[in-house]
file coords.cif (mmCIF, C-alpha atoms)
data_data
loop_
_atom_site.label_atom_id
_atom_site.label_comp_id
_atom_site.auth_asym_id
_atom_site.auth_seq_id
_atom_site.Cartn_x
_atom_site.Cartn_y
_atom_site.Cartn_z
CA MET X 4 177.65 40.69 123.04
CA GLU X 5 175.70 43.66 121.61
CA ASP X 6 173.06 41.22 120.29
CA ASN X 7 172.62 39.70 123.74
CA LYS X 8 172.21 43.16 125.28
CA ASN X 9 169.57 44.05 122.67
CA LYS X 10 167.69 40.79 123.22
CA GLU X 11 167.68 41.38 126.96
CA LEU X 12 166.40 44.91 126.44
CA GLU X 13 163.64 43.66 124.13
CA ARG X 14 162.65 41.08 126.73
CA GLU X 15 162.45 43.74 129.43
CA ILE X 16 160.36 46.05 127.21
CA VAL X 17 157.90 43.25 126.46
CA ILE X 18 157.63 42.22 130.12
CA GLU X 19 156.87 45.82 131.09
CA ARG X 20 154.19 45.98 128.38
CA LEU X 21 152.67 42.70 129.52
CA LYS X 22 152.52 43.98 133.11
CA GLN X 23 150.09 46.66 131.89
CA THR X 24 147.67 43.97 130.66
CA PRO X 25 144.48 43.60 132.73
CA PRO X 26 144.20 40.31 134.68
CA SER X 27 141.08 39.37 132.68
CA PHE X 28 143.13 39.17 129.46
CA LYS X 29 143.31 35.68 127.88
CA ILE X 30 145.00 34.49 124.71
CA SER X 31 145.60 31.17 122.97
CA LEU X 32 148.97 31.06 121.25
CA GLY X 33 150.93 28.07 119.98
CA LEU X 34 150.26 24.53 121.12
CA ASN X 35 150.32 24.95 124.93
CA ASP X 36 147.75 22.10 125.32
CA GLY X 37 145.18 24.32 123.61
CA LYS X 38 144.83 26.40 126.78
CA PHE X 39 144.29 30.12 126.97
CA MET X 40 147.02 31.96 128.87
CA ASN X 41 146.57 34.90 131.20
CA ARG X 42 148.89 37.85 131.78
CA ASP X 43 151.06 36.14 134.40
CA GLU X 44 151.51 33.02 132.27
CA LEU X 45 152.59 35.16 129.30
CA ILE X 46 155.14 36.95 131.48
CA GLU X 47 156.47 33.60 132.71
CA GLU X 48 156.90 32.35 129.14
CA VAL X 49 158.89 35.47 128.23
CA LYS X 50 161.02 35.27 131.39
CA ASN X 51 161.71 31.57 130.79
CA GLU X 52 162.80 32.28 127.20
CA SER X 53 160.50 29.52 125.91
CA ASP X 54 159.45 29.21 122.25
CA ILE X 55 156.11 30.81 123.10
CA GLY X 56 157.97 33.53 125.00
CA ASP X 57 160.07 34.29 121.92
CA GLU X 58 156.91 34.37 119.81
CA ILE X 59 155.32 36.85 122.24
CA ILE X 60 158.38 39.11 121.95
CA ASN X 61 158.23 38.94 118.13
CA ILE X 62 154.52 39.74 118.12
CA GLN X 63 154.82 42.69 120.49
CA LEU X 64 157.83 44.20 118.73
CA SER X 65 156.36 43.68 115.24
CA TYR X 66 153.23 45.50 116.37
CA LEU X 67 155.27 48.42 117.71
CA ARG X 68 157.28 48.59 114.49
CA ALA X 69 154.07 48.58 112.42
CA PHE X 70 152.73 51.36 114.61
CA LYS X 71 155.89 53.38 113.95
CA LYS X 72 155.62 52.78 110.19
CA GLY X 73 152.08 54.17 110.16
CA PHE X 74 150.08 50.96 109.81
CA PHE X 75 147.22 52.58 111.72
CA SER X 76 147.05 55.89 109.88
CA MET I 18 130.66 17.09 91.84
CA LYS I 19 133.37 19.01 93.69
CA TYR I 20 134.47 17.96 97.15
CA VAL I 21 135.53 20.08 100.09
CA LEU I 22 137.27 18.31 102.96
CA PHE I 23 137.18 19.67 106.50
CA SER I 24 139.36 18.54 109.40
CA ARG I 25 137.73 19.72 112.63
CA PRO I 26 139.19 18.32 115.86
CA LYS I 27 137.56 19.39 119.11
CA HIS I 28 139.76 17.93 121.85
CA ASP I 29 140.72 21.14 123.67
CA ILE I 30 139.29 24.58 124.28
CA THR I 31 141.12 26.27 121.40
CA MET I 32 139.95 23.57 118.99
CA GLU I 33 136.39 24.01 120.30
CA TYR I 34 136.49 27.64 119.21
CA LEU I 35 137.66 26.71 115.70
CA TYR I 36 135.10 23.88 115.58
CA CYS I 37 132.18 26.18 116.44
CA TYR I 38 133.20 28.81 113.93
CA SER I 39 133.56 26.22 111.15
CA LYS I 40 129.92 25.08 111.42
CA GLU I 41 128.74 27.90 109.20
CA LEU I 42 131.36 26.98 106.59
CA LEU I 43 129.82 23.53 106.27
CA LYS I 44 126.38 25.04 105.66
CA LEU I 45 127.81 27.43 103.10
CA SER I 46 129.65 24.62 101.32
CA GLU I 47 126.41 22.67 101.04
CA SER I 48 124.51 25.64 99.66
CA CYS I 49 127.29 26.19 97.12
CA GLY I 50 126.83 22.65 95.83
CA PHE I 51 129.91 21.00 97.29
CA TYR I 52 129.99 17.43 98.48
CA ILE I 53 131.26 17.76 102.05
CA ILE I 54 133.78 15.42 103.65
CA ASP I 55 133.53 16.38 107.31
CA ASN I 56 136.21 14.81 109.49
CA GLU I 57 135.11 16.11 112.87
CA LYS I 58 136.24 15.30 116.42
CA GLU I 59 137.80 11.79 116.61
CA SER I 60 137.43 11.30 112.86
CA ALA I 61 139.94 14.10 112.29
CA ASN I 62 142.69 11.48 112.32
CA LYS I 63 145.47 10.71 109.87
CA LYS I 64 144.04 7.48 108.48
CA ASN I 65 140.60 8.90 107.69
CA ILE I 66 141.86 12.11 106.21
CA VAL I 67 144.63 10.58 104.10
CA ASP I 68 142.18 7.95 102.77
CA ARG I 69 139.59 10.57 101.86
CA ILE I 70 142.10 12.84 100.15
CA ILE I 71 143.36 9.93 98.03
CA LYS I 72 139.89 8.57 97.18
CA GLN I 73 137.80 11.74 96.78
CA LYS I 74 140.44 14.17 95.53
CA PRO I 75 138.87 17.28 97.08
CA SER I 76 139.26 20.65 95.35
CA LEU I 77 139.49 22.49 98.65
CA ILE I 78 140.80 21.36 102.04
CA ILE I 79 140.19 23.35 105.21
CA PHE I 80 142.23 22.26 108.21
CA ASN I 81 141.52 23.36 111.75
CA GLY I 82 144.20 22.15 114.11
CA HIS I 83 147.35 22.76 116.00
CA GLY I 84 150.41 23.04 113.85
CA SER I 85 154.11 23.70 113.60
CA PRO I 86 156.35 24.94 110.79
CA LYS I 87 156.39 21.43 109.28
CA THR I 88 153.04 19.95 110.34
CA ILE I 89 149.27 20.19 110.57
CA CYS I 90 147.65 18.14 113.34
CA GLY I 91 144.25 16.61 113.94
CA HIS I 92 142.46 14.95 116.85
CA LYS I 93 144.64 14.88 119.97
CA ASN I 94 147.44 16.50 117.94
CA GLU I 95 148.11 13.49 115.73
CA ILE I 96 150.21 14.72 112.80
CA ILE I 97 148.06 14.55 109.64
CA ILE I 98 150.29 16.27 107.10
CA SER I 99 154.03 16.68 107.45
CA SER I 100 156.52 18.32 105.10
CA ASP I 101 158.88 15.40 105.75
CA GLU I 102 156.35 12.69 104.89
CA ASN I 103 153.25 13.44 102.85
CA ALA I 104 153.06 17.05 101.61
CA ASN I 105 152.35 15.53 98.18
CA LEU I 106 148.80 14.80 99.40
CA LEU I 107 148.06 18.50 98.92
CA SER I 108 148.96 18.41 95.23
CA ASN I 109 146.28 19.77 92.86
CA VAL I 110 144.40 21.21 95.85
CA ILE I 111 143.77 24.62 97.36
CA THR I 112 144.41 24.31 101.10
CA TYR I 113 143.52 26.68 103.89
CA SER I 114 145.33 25.77 107.09
CA LEU I 115 143.96 27.43 110.21
CA SER I 116 146.84 26.32 112.38
CA CYS I 117 150.02 27.72 113.86
CA SER I 118 152.99 28.37 111.56
CA SER I 119 152.34 25.63 108.97
CA ALA I 120 152.83 28.15 106.15
CA SER I 121 156.46 28.59 107.08
CA LYS I 122 157.82 25.21 105.90
CA LEU I 123 154.95 22.84 105.08
CA GLY I 124 153.29 25.36 102.75
CA PRO I 125 156.35 25.87 100.52
CA GLU I 126 157.02 22.11 100.48
CA ALA I 127 153.40 21.36 99.48
CA PHE I 128 153.67 23.88 96.64
CA LYS I 129 156.95 22.32 95.54
CA GLN I 130 155.14 18.99 95.39
CA GLY I 131 152.25 20.24 93.27
CA ALA I 132 149.79 22.14 95.48
CA ILE I 133 147.79 24.77 93.60
CA ALA I 134 147.86 27.12 96.58
CA PHE I 135 148.49 26.85 100.29
CA VAL I 136 147.02 29.57 102.50
CA GLY I 137 148.08 29.66 106.11
CA TYR I 138 150.00 31.38 108.86
CA LYS I 139 153.79 31.70 109.09
CA TYR I 140 153.63 32.43 112.83
CA ASP I 141 151.54 31.15 115.73
CA PHE I 142 147.83 31.84 115.20
CA ALA I 143 146.41 33.72 118.19
CA ILE I 144 142.86 33.79 119.57
CA GLY I 145 141.75 36.17 122.29
CA LYS I 146 139.05 35.14 124.71
CA ASP I 147 136.39 36.92 126.69
CA PRO I 148 136.56 35.43 130.21
CA ASP I 149 132.79 35.93 130.56
CA SER I 150 131.76 33.63 127.69
CA GLU I 151 133.31 30.36 128.84
CA ALA I 152 130.41 28.23 127.62
CA SER I 153 129.83 29.72 124.21
CA PRO I 154 132.59 30.44 121.68
CA ARG I 155 130.09 32.01 119.31
CA ARG I 156 129.07 34.56 121.94
CA ASP I 157 132.66 35.45 122.80
CA LYS I 158 132.99 39.14 121.99
CA ILE I 159 136.81 38.98 121.83
CA ALA I 160 137.32 35.75 119.88
CA ARG I 161 135.26 37.09 117.00
CA TYR I 162 137.95 39.65 116.17
CA PHE I 163 140.35 36.75 115.62
CA LEU I 164 138.08 34.15 114.01
CA GLU I 165 135.71 36.15 111.81
CA PRO I 166 138.51 37.12 109.38
CA SER I 167 139.36 33.42 109.04
CA ASN I 168 135.73 32.65 108.21
CA ILE I 169 135.64 35.50 105.68
CA LEU I 170 138.68 33.94 104.00
CA ALA I 171 137.23 30.41 103.94
CA SER I 172 133.76 31.61 102.86
CA ASN I 173 135.18 33.44 99.89
CA LEU I 174 137.19 30.40 98.83
CA ILE I 175 134.07 28.23 99.10
CA GLN I 176 132.12 30.73 96.98
CA GLY I 177 134.69 30.42 94.22
CA LYS I 178 136.55 33.66 94.73
CA THR I 179 140.28 33.68 94.01
CA VAL I 180 142.76 32.93 96.74
CA LYS I 181 144.10 36.48 96.56
CA TYR I 182 140.63 38.05 96.84
CA SER I 183 139.78 35.80 99.80
CA VAL I 184 142.97 36.65 101.67
CA ASP I 185 142.64 40.36 100.87
CA LYS I 186 139.11 40.39 102.33
CA ALA I 187 140.30 38.67 105.50
CA LYS I 188 143.21 41.09 105.85
CA GLU I 189 140.89 44.05 105.32
CA LYS I 190 138.74 42.87 108.23
CA MET I 191 141.81 42.26 110.41
CA ARG I 192 143.16 45.72 109.63
CA ASP I 193 139.88 47.37 110.64
CA SER I 194 139.78 45.35 113.87
CA ILE I 195 143.44 46.08 114.71
CA SER I 196 142.77 49.80 114.29
CA TYR I 197 139.63 49.57 116.40
CA LEU I 198 141.29 47.57 119.19
CA SER I 199 144.27 49.91 119.19
CA THR I 200 142.20 53.02 119.73
CA THR I 201 138.91 52.14 121.42
CA GLN I 202 138.15 52.91 125.06
CA ASP I 203 135.15 50.54 125.00
CA PHE I 204 136.89 47.90 127.13
CA PRO I 205 140.27 48.02 128.90
CA GLU I 206 141.72 44.82 127.38
CA ALA I 207 141.20 45.98 123.77
CA ILE I 208 144.61 47.51 123.12
CA HIS I 209 146.33 44.45 124.59
CA TYR I 210 144.68 42.15 122.03
CA ALA I 211 145.76 44.30 119.08
CA PRO I 212 149.39 43.00 118.85
CA TYR I 213 148.20 39.39 118.67
CA LEU I 214 145.70 40.13 115.92
CA TYR I 215 148.47 41.99 114.13
CA GLY I 216 150.56 38.81 114.42
CA ASN I 217 147.81 36.87 112.61
CA TYR I 218 147.62 39.61 109.97
CA ALA I 219 151.38 39.67 109.36
CA GLY I 220 151.60 35.88 109.33
CA LEU I 221 148.79 35.17 106.84
CA VAL I 222 150.32 34.28 103.48
CA ILE I 223 149.57 32.65 100.14
CA ILE I 224 152.03 30.14 98.76
CA GLY I 225 151.32 29.20 95.17
CA ASN I 226 148.88 30.50 92.58
CA SER I 227 147.09 33.47 94.15
CA GLU I 228 144.73 33.82 91.16
CA SER I 229 143.43 30.25 91.50
CA SER I 230 139.92 29.39 92.72
CA VAL I 231 137.87 26.24 93.31
#

call {"tool": "encode", "arguments": {"input": "coords.cif", "output": "structure tokens"}}
result
Amino acid sequence: MEDNKNKELEREIVIERLKQTPPSFKISLGLNDGKFMNRDELIEEVKNESDIGDEIINIQLSYLRAFKKGFFS
Amino acid sequence: MKYVLFSRPKHDITMEYLYCYSKELLKLSESCGFYIIDNEKESANKKNIVDRIIKQKPSLIIFNGHGSPKTICGHKNEIIISSDENANLLSNVITYSLSCSSASKLGPEAFKQGAIAFVGYKYDFAIGKDPDSEASPRRDKIARYFLEPSNILASNLIQGKTVKYSVDKAKEKMRDSISYLSTTQDFPEAIHYAPYLYGNYAGLVIIGNSESSV
């Protein structure tokens, strides 16, 4: 139960972060027919809880954790 | 004569980026005295590559391609190497796999079956793209942050540096770029690319003998 709540919170945090991304942003991630995805497509993947969506959540949260641990100092 | 084998599919836009960046690695391999086995475009298929690995026994294999935890793919995503079928083909070889997540299961299996070293990514490999350089991957000012570290890694391997040195140099470059992207005001997208480059950094691993070289 607690795990589900945490996962939902993580998903919401990542979606809010992705909403700040400029529309010109493009990224290739995973197979996805070799296409580059834009901001809205990334948000859809996270909302749909797809494999790529889960990967996006992991990437965003790992980056934030690294930031907290002082990776950039 | 030492052989280096390249697998360079070009069937979608992401593969085109990898293909363009790998051109300079072919030139470097030639100048370093390697015999080059270049499986490009349609020739990056399972039959060709398996045959050439068995016959030529390359010292170094560089795969561009889509991937998964258990596979590396070639032209039109045909599975070339799979941990369930033919990871033994990478025995006695140093492999660099520029593909998504193949270091998570295929890499360890290849090492178990005799690979000297397997260098690759445990997670999905990301590439950012400048929307203004549609026609020219090499002029893409965003993609270079993602692909130059990979070329630094491969170039060092080709020049006979150890696997550890090659990966360290690539990670050094990634670290500098992550810091730059995280703090610069030069363009508004920069900070949004940083997490994805960090994903490449965190996912890049060596499985096997890190002090080996070709």

call {"tool": "interface_residues", "arguments": {"input": "coords.cif", "of": "chain X", "to": "chain I", "cutoff": "12 Å", "atoms": "all atoms listed in the file", "output": "PyMOL selection string"}}
result
chain X and resi 17+20-42+54-70+73-76

call {"tool": "residues_around", "arguments": {"input": "coords.cif", "residues": "I:Cys37", "least_positions_apart": "2", "cutoff": "10 Å", "atoms": "only C-alpha atoms", "output": "ChimeraX atom specification"}}
result
/I:25,27,32-35,39-42,153-155

call {"tool": "resolve_selection", "arguments": {"input": "coords.cif", "expression": "the PyMOL selection byres ((chain I and resi 227) around 6)", "output": "PDB file with C-alpha atoms, in the frame of the given file"}}
result
ATOM      1  CA  VAL I 180     142.760  32.930  96.740  1.00  0.00           C
ATOM      2  CA  LYS I 181     144.100  36.480  96.560  1.00  0.00           C
ATOM      3  CA  ASN I 226     148.880  30.500  92.580  1.00  0.00           C
ATOM      4  CA  GLU I 228     144.730  33.820  91.160  1.00  0.00           C
ATOM      5  CA  SER I 229     143.430  30.250  91.500  1.00  0.00           C
TER       6      SER I 229
END

call {"tool": "residues_around", "arguments": {"input": "coords.cif", "residues": "stretch 58-72 of chain I", "least_positions_apart": "3", "cutoff": "8 Å", "atoms": "all atoms listed in the file", "output": "PDB file with C-alpha atoms, in the frame of the given file"}}
result
ATOM      1  CA  LEU I  22     137.270  18.310 102.960  1.00  0.00           C
ATOM      2  CA  SER I  24     139.360  18.540 109.400  1.00  0.00           C
ATOM      3  CA  ARG I  25     137.730  19.720 112.630  1.00  0.00           C
ATOM      4  CA  PRO I  26     139.190  18.320 115.860  1.00  0.00           C
ATOM      5  CA  LYS I  27     137.560  19.390 119.110  1.00  0.00           C
ATOM      6  CA  HIS I  28     139.760  17.930 121.850  1.00  0.00           C
ATOM      7  CA  ILE I  54     133.780  15.420 103.650  1.00  0.00           C
ATOM      8  CA  PRO I  75     138.870  17.280  97.080  1.00  0.00           C
ATOM      9  CA  GLY I  91     144.250  16.610 113.940  1.00  0.00           C
ATOM     10  CA  HIS I  92     142.460  14.950 116.850  1.00  0.00           C
ATOM     11  CA  GLU I  95     148.110  13.490 115.730  1.00  0.00           C
ATOM     12  CA  ILE I  96     150.210  14.720 112.800  1.00  0.00           C
ATOM     13  CA  ILE I  97     148.060  14.550 109.640  1.00  0.00           C
ATOM     14  CA  ILE I  98     150.290  16.270 107.100  1.00  0.00           C
ATOM     15  CA  LEU I 106     148.800  14.800  99.400  1.00  0.00           C
TER      16      LEU I 106
END

call {"tool": "atom_distance", "arguments": {"input": "coords.cif", "atom1": "atom CA of I:Glu57", "atom2": "atom CA of I:Tyr182"}}
result
27.7 Å

call {"tool": "atom_distance", "arguments": {"input": "coords.cif", "atom1": "atom CA of I:Gly131", "atom2": "atom CA of I:Pro86"}}
result
18.6 Å

call {"tool": "residues_near_point", "arguments": {"input": "coords.cif", "point": "(131.1, 31.0, 102.5)", "cutoff": "7 Å", "atoms": "only C-alpha atoms", "output": "NGL selection string"}}
result
:I and (42 or 45-46 or 171-173 or 175-176)

call {"tool": "atom_distance", "arguments": {"input": "coords.cif", "atom1": "atom CA of I:Val222", "atom2": "atom CA of I:Gly137"}}
result
5.8 Å
